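Shown next, in structure tokens, is the structure this report addresses.
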Amino acid sequence: MGTRIYLVLGLLIWGCSNHTELPVQYHQGYLAQPTRVEAVAEAGGIVVSWHLDSAANVSGFVVSFTDSAGVVQTRSLEDAGARSYEETSLELSPGVWYLIEVWAVDARLFFGPRSAVDTLAVF
């Protein structure tokens with residue numbers, strides 16, 4: 001009798017497990033990942049440029065700036081052909097640094113994979 005209870009409990013636990021097969025990730029490869037992100041401090045602003053292997057499904061980009069205090073600010077570009085962005089409202093005083101990322105967005109605001117981080121330090 002005791003063995004049956006343990007067997008039934010074991011089957012119930014196994015049947016309620018979260019280990020289920022996930023559906024195919026339809027979004028893999030849907031939007032290209034920006035590469036070769038480069039940020040340069042110029043007079044009055046930061047110019048961020050990037051490369052994109054394929055513009056398929058892209059309707060725009062998001063450029064993210066994370067400062068040395070951990071504050072994240074994002075800018076949205078609604079231009080699928082954009083490969084650079086100039087930011088003029090961030091602080092560029094000596095000692096400030098930014099981590100910069102770019103990712104593509106489709107018409108439904110689905111985010112593609114983020115680029116590798118580029119670091120910009122202001123001296």
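In the structure tokens, chains take letters A, B, ... by order of appearance, with residues numbered from 1 within each chain and ligands from 1 in the order shown.
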Would you tabulate, counting only C-alpha atoms, all residues of stretch 42-74 of chain A that have an atom at most 8 Å from an atom of stretch 96-116 of chain A, showing the closest pair of atoms and their distance in Å to one decimal, sorted by chain then ascending number, as CSV?
```
residue,atom,partner,partner_atom,distance
A:Trp50,CA,A:Val102,CA,7.9
A:Asn57,CA,A:Asp106,CA,5.7
A:Val58,CA,A:Asp106,CA,4.8
A:Ser59,CA,A:Asp106,CA,4.8
A:Gly60,CA,A:Val105,CA,5.2
A:Phe61,CA,A:Ala104,CA,4.4
A:Val62,CA,A:Trp103,CA,5.5
A:Val63,CA,A:Val102,CA,4.6
A:Ser64,CA,A:Glu101,CA,5.1
A:Phe65,CA,A:Ile100,CA,4.8
A:Thr66,CA,A:Leu99,CA,5.0
A:Asp67,CA,A:Tyr98,CA,4.5
A:Ser68,CA,A:Trp97,CA,5.6
```
Could you write out the selected residues, including N, CA and C atoms, as a tab-separated table (two decimals), in the first residue's frame?
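out-v7.tsv, freshly written:
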```
chain	number	residue	atom	x	y	z
A	50	TRP	N	26.61	52.16	-36.42
A	50	TRP	CA	26.56	50.70	-36.37
A	50	TRP	C	26.39	50.14	-37.77
A	57	ASN	N	12.61	43.11	-42.13
A	57	ASN	CA	11.68	43.25	-41.01
A	57	ASN	C	11.99	44.43	-40.08
A	58	VAL	N	13.00	45.21	-40.36
A	58	VAL	CA	13.39	46.32	-39.49
A	58	VAL	C	12.57	47.56	-39.85
A	59	SER	N	12.00	48.20	-38.82
A	59	SER	CA	11.29	49.46	-39.06
A	59	SER	C	11.94	50.60	-38.29
A	60	GLY	N	12.91	50.29	-37.43
A	60	GLY	CA	13.60	51.32	-36.67
A	60	GLY	C	14.62	50.73	-35.73
A	61	PHE	N	15.15	51.58	-34.85
A	61	PHE	CA	16.19	51.17	-33.92
A	61	PHE	C	15.98	51.82	-32.56
A	62	VAL	N	16.55	51.21	-31.55
A	62	VAL	CA	16.62	51.81	-30.22
A	62	VAL	C	18.10	51.93	-29.89
A	63	VAL	N	18.50	53.10	-29.41
A	63	VAL	CA	19.87	53.33	-28.95
A	63	VAL	C	19.78	53.56	-27.45
A	64	SER	N	20.56	52.80	-26.70
A	64	SER	CA	20.52	52.85	-25.24
A	64	SER	C	21.83	53.43	-24.69
A	65	PHE	N	21.70	54.35	-23.75
A	65	PHE	CA	22.85	54.96	-23.08
A	65	PHE	C	22.72	54.69	-21.59
A	66	THR	N	23.70	53.99	-21.00
A	66	THR	CA	23.72	53.76	-19.56
A	66	THR	C	24.91	54.51	-19.01
A	67	ASP	N	24.66	55.46	-18.08
A	67	ASP	CA	25.77	56.26	-17.57
A	67	ASP	C	26.46	55.58	-16.39
A	68	SER	N	27.50	56.21	-15.88
A	68	SER	CA	28.30	55.62	-14.82
A	68	SER	C	27.53	55.45	-13.52
```
With stretch 33-40 of chain A as the partner and 9 Å as the cut-off, tabulate the residues of stretch 51-96 of chain A that qualify, each row holding the nearest pair of atoms and their distance in Å to one decimal, using only C-alpha atoms, sorted by chain and rising number, as a tab-separated table.
```
residue	atom	partner	partner_atom	distance
A:His51	CA	A:Thr35	CA	5.2
A:Leu52	CA	A:Pro34	CA	4.9
A:Asp53	CA	A:Pro34	CA	7.6
A:Ser54	CA	A:Gln33	CA	8.7
```
Coordinates-based distance that separates atom CA of A:Arg83 from atom CA of A:Ala121 (Å, one decimal): 21.5 Å
One-decimal distance in Å that lies between atom CA of A:Gly95 and atom CA of A:Gly70: 14.2 Å
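The spacing separating atom CA of A:Ser84 from atom CA of A:Val48 amounts to 5.4 Å.
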Who sits within 12 Å of A:Ser89, only C-alpha atoms, same chain under 6 positions skipped, as a ChimeraX atom specification: /A:44-47,65,73-75
